[in-house]
Amino acid sequence: MSTLRAKHFDVFQIQQGIYAAIANEGTGAMANTGFVDLGETVLVFDSFNTQQAAAELREVIASVTDKPVSHLINSHWHGDHIRGNQVFRDVSIVATERTKRIMQENHPARIARQRASQNELCDYIETLESQQNSAGDRDQRARLLEISLLKEIKCSLPTLELVLPNETFEATWHTEGTNRRVECHTLGGGHTVSDSFLYIPDARVCYIGDLVAVNNHMLIIDGNVGIKSIGWTHQTENI
């Protein structure tokens, strides 16, 4: 598995033309993303938490594939998966209709609140910086990562724009190029009230967003993970 190191993430080639971009701590990228070479164009899965990380992702895609991006999937509405959308405003941005609606209802006010509290954010960063020399080694590393993360978010706020999906679906969506076909599915609630995942049939690879966590519990779950989660297990056996 080959690796390409960037500031905000590391890129791993999963199979020929299939890549995972794994976020680096403290860089503001937050969530992981990925991209797939369809043949003539590239499809991207999620856009990171900041436009800085998204811009670097687009640069890396161009260098790795030498092909234009045609599609961006938003797996769900949380900011660490959609706040880089503005970097992909020229492509088809795909999400469930419900995800788009929740983004439109929630993010303008969230962004406005964050912009309004930039002075408090700066004060908090200064407080963390003043405390870092008195912390133990482990605490100091955690504090340095938090400072770095908050500075990336602070940098993103002045030019951050909410760019909504321009193509939506209810249950399934697909596209294909000369190399491969990809399918986007939603079975309803999970991590949020509307989560989608990307499946690549020929490779048997799935980009699943925040529906799976490794050595971690999700801090925010606004979907239904009770009885309905059983439906995910049974229905995905046929995908």
# chains A, B, ... in the order shown; residues from 1 in each chain; ligands from 1
>>> residues_around(residues="Ile93 (chain A)", least_positions_apart="5", cutoff="10 Å", atoms="only C-alpha atoms", output="ChimeraX atom specification")
/A:43-46,70-74,85,88,163-168
>>> write_last_selection(atoms="N, CA and C atoms", output="PDB file, in the first residue's frame")
ATOM      1  N   LEU A  43     -13.875  10.906  -8.706  1.00  0.00           N
ATOM      2  CA  LEU A  43     -14.932  11.150  -7.722  1.00  0.00           C
ATOM      3  C   LEU A  43     -14.304  11.240  -6.336  1.00  0.00           C
ATOM      4  N   VAL A  44     -14.750  12.217  -5.543  1.00  0.00           N
ATOM      5  CA  VAL A  44     -14.224  12.443  -4.197  1.00  0.00           C
ATOM      6  C   VAL A  44     -15.309  12.133  -3.181  1.00  0.00           C
ATOM      7  N   PHE A  45     -14.916  11.528  -2.068  1.00  0.00           N
ATOM      8  CA  PHE A  45     -15.847  11.205  -0.995  1.00  0.00           C
ATOM      9  C   PHE A  45     -15.540  12.077   0.215  1.00  0.00           C
ATOM     10  N   ASP A  46     -16.404  13.060   0.482  1.00  0.00           N
ATOM     11  CA  ASP A  46     -16.289  14.027   1.576  1.00  0.00           C
ATOM     12  C   ASP A  46     -15.148  15.029   1.348  1.00  0.00           C
ATOM     13  N   SER A  70     -14.958  15.264 -11.078  1.00  0.00           N
ATOM     14  CA  SER A  70     -16.304  15.432 -11.639  1.00  0.00           C
ATOM     15  C   SER A  70     -17.394  15.386 -10.586  1.00  0.00           C
ATOM     16  N   HIS A  71     -17.148  14.663  -9.475  1.00  0.00           N
ATOM     17  CA  HIS A  71     -18.177  14.487  -8.450  1.00  0.00           C
ATOM     18  C   HIS A  71     -17.567  14.561  -7.051  1.00  0.00           C
ATOM     19  N   LEU A  72     -18.357  15.092  -6.128  1.00  0.00           N
ATOM     20  CA  LEU A  72     -18.038  15.056  -4.702  1.00  0.00           C
ATOM     21  C   LEU A  72     -19.258  14.504  -3.970  1.00  0.00           C
ATOM     22  N   ILE A  73     -19.047  13.489  -3.152  1.00  0.00           N
ATOM     23  CA  ILE A  73     -20.106  12.940  -2.321  1.00  0.00           C
ATOM     24  C   ILE A  73     -20.003  13.550  -0.928  1.00  0.00           C
ATOM     25  N   ASN A  74     -21.118  14.012  -0.372  1.00  0.00           N
ATOM     26  CA  ASN A  74     -21.194  14.374   1.051  1.00  0.00           C
ATOM     27  C   ASN A  74     -21.914  13.241   1.779  1.00  0.00           C
ATOM     28  N   ASN A  85     -16.475  22.004   0.911  1.00  0.00           N
ATOM     29  CA  ASN A  85     -17.225  21.946  -0.344  1.00  0.00           C
ATOM     30  C   ASN A  85     -16.918  23.083  -1.297  1.00  0.00           C
ATOM     31  N   PHE A  88     -14.850  22.615  -4.249  1.00  0.00           N
ATOM     32  CA  PHE A  88     -15.391  21.753  -5.309  1.00  0.00           C
ATOM     33  C   PHE A  88     -16.680  22.331  -5.887  1.00  0.00           C
ATOM     34  N   VAL A 163     -21.406  25.674   0.737  1.00  0.00           N
ATOM     35  CA  VAL A 163     -21.760  25.270  -0.626  1.00  0.00           C
ATOM     36  C   VAL A 163     -22.557  23.986  -0.524  1.00  0.00           C
ATOM     37  N   LEU A 164     -23.810  24.050  -0.942  1.00  0.00           N
ATOM     38  CA  LEU A 164     -24.733  22.927  -0.797  1.00  0.00           C
ATOM     39  C   LEU A 164     -24.608  21.940  -1.954  1.00  0.00           C
ATOM     40  N   PRO A 165     -25.020  20.708  -1.735  1.00  0.00           N
ATOM     41  CA  PRO A 165     -25.098  19.752  -2.845  1.00  0.00           C
ATOM     42  C   PRO A 165     -26.005  20.281  -3.949  1.00  0.00           C
ATOM     43  N   ASN A 166     -25.641  20.016  -5.195  1.00  0.00           N
ATOM     44  CA  ASN A 166     -26.471  20.420  -6.330  1.00  0.00           C
ATOM     45  C   ASN A 166     -27.105  19.220  -7.037  1.00  0.00           C
ATOM     46  N   GLU A 167     -26.905  18.035  -6.466  1.00  0.00           N
ATOM     47  CA  GLU A 167     -27.539  16.822  -6.984  1.00  0.00           C
ATOM     48  C   GLU A 167     -27.898  15.955  -5.787  1.00  0.00           C
ATOM     49  N   THR A 168     -29.154  15.545  -5.695  1.00  0.00           N
ATOM     50  CA  THR A 168     -29.584  14.771  -4.538  1.00  0.00           C
ATOM     51  C   THR A 168     -30.263  13.473  -4.959  1.00  0.00           C
TER      52      THR A 168
END
>>> residues_around(residues="region 179-184 of chain A", least_positions_apart="3", cutoff="8 Å", atoms="only C-alpha atoms", output="PDB file with N, CA and C atoms, in the first residue's frame")
ATOM      1  N   ASP A  37     -10.572   7.017  -9.103  1.00  0.00           N
ATOM      2  CA  ASP A  37     -10.365   7.274 -10.528  1.00  0.00           C
ATOM      3  C   ASP A  37     -11.416   6.498 -11.312  1.00  0.00           C
ATOM      4  N   LEU A  38     -12.346   7.229 -11.937  1.00  0.00           N
ATOM      5  CA  LEU A  38     -13.414   6.586 -12.693  1.00  0.00           C
ATOM      6  C   LEU A  38     -13.005   6.234 -14.119  1.00  0.00           C
ATOM      7  N   GLY A  39     -11.949   6.827 -14.577  1.00  0.00           N
ATOM      8  CA  GLY A  39     -11.501   6.638 -15.967  1.00  0.00           C
ATOM      9  C   GLY A  39     -11.100   7.964 -16.553  1.00  0.00           C
ATOM     10  N   THR A 172     -30.668   5.536  -3.769  1.00  0.00           N
ATOM     11  CA  THR A 172     -29.442   5.110  -4.445  1.00  0.00           C
ATOM     12  C   THR A 172     -29.074   6.113  -5.535  1.00  0.00           C
ATOM     13  N   TRP A 173     -27.792   6.138  -5.827  1.00  0.00           N
ATOM     14  CA  TRP A 173     -27.259   7.003  -6.894  1.00  0.00           C
ATOM     15  C   TRP A 173     -26.043   6.294  -7.446  1.00  0.00           C
ATOM     16  N   HIS A 174     -25.759   6.457  -8.733  1.00  0.00           N
ATOM     17  CA  HIS A 174     -24.560   5.835  -9.287  1.00  0.00           C
ATOM     18  C   HIS A 174     -24.012   6.674 -10.433  1.00  0.00           C
ATOM     19  N   THR A 175     -22.750   6.445 -10.720  1.00  0.00           N
ATOM     20  CA  THR A 175     -22.124   7.005 -11.909  1.00  0.00           C
ATOM     21  C   THR A 175     -21.024   6.041 -12.336  1.00  0.00           C
ATOM     22  N   GLU A 176     -20.561   6.174 -13.564  1.00  0.00           N
ATOM     23  CA  GLU A 176     -19.493   5.294 -14.026  1.00  0.00           C
ATOM     24  C   GLU A 176     -18.660   5.970 -15.096  1.00  0.00           C
ATOM     25  N   SER A 196     -24.991   8.291   4.003  1.00  0.00           N
ATOM     26  CA  SER A 196     -24.802   7.528   2.768  1.00  0.00           C
ATOM     27  C   SER A 196     -23.388   6.974   2.729  1.00  0.00           C
ATOM     28  N   PHE A 197     -23.214   5.917   1.954  1.00  0.00           N
ATOM     29  CA  PHE A 197     -21.889   5.318   1.792  1.00  0.00           C
ATOM     30  C   PHE A 197     -21.668   5.019   0.325  1.00  0.00           C
ATOM     31  N   LEU A 198     -20.408   4.956  -0.073  1.00  0.00           N
ATOM     32  CA  LEU A 198     -20.035   4.727  -1.463  1.00  0.00           C
ATOM     33  C   LEU A 198     -19.484   3.315  -1.606  1.00  0.00           C
ATOM     34  N   TYR A 199     -20.014   2.579  -2.582  1.00  0.00           N
ATOM     35  CA  TYR A 199     -19.577   1.209  -2.820  1.00  0.00           C
ATOM     36  C   TYR A 199     -19.020   1.092  -4.227  1.00  0.00           C
ATOM     37  N   ILE A 200     -17.876   0.389  -4.349  1.00  0.00           N
ATOM     38  CA  ILE A 200     -17.226   0.175  -5.640  1.00  0.00           C
ATOM     39  C   ILE A 200     -17.306  -1.323  -5.937  1.00  0.00           C
ATOM     40  N   PRO A 201     -18.256  -1.749  -6.761  1.00  0.00           N
ATOM     41  CA  PRO A 201     -18.532  -3.181  -6.917  1.00  0.00           C
ATOM     42  C   PRO A 201     -17.346  -4.008  -7.403  1.00  0.00           C
ATOM     43  N   ASP A 202     -16.614  -3.532  -8.413  1.00  0.00           N
ATOM     44  CA  ASP A 202     -15.554  -4.364  -8.971  1.00  0.00           C
ATOM     45  C   ASP A 202     -14.411  -4.574  -7.992  1.00  0.00           C
TER      46      ASP A 202
END
>>> atom_distance(atom1="CA of Asn49 (chain A)", atom2="CA of Leu144 (chain A)")
18.7 Å
>>> residues_around(residues="His78 (chain A)", least_positions_apart="3", cutoff="8 Å", atoms="only C-alpha atoms", output="list in words")
His81, Ile82 and Met103 of chain A
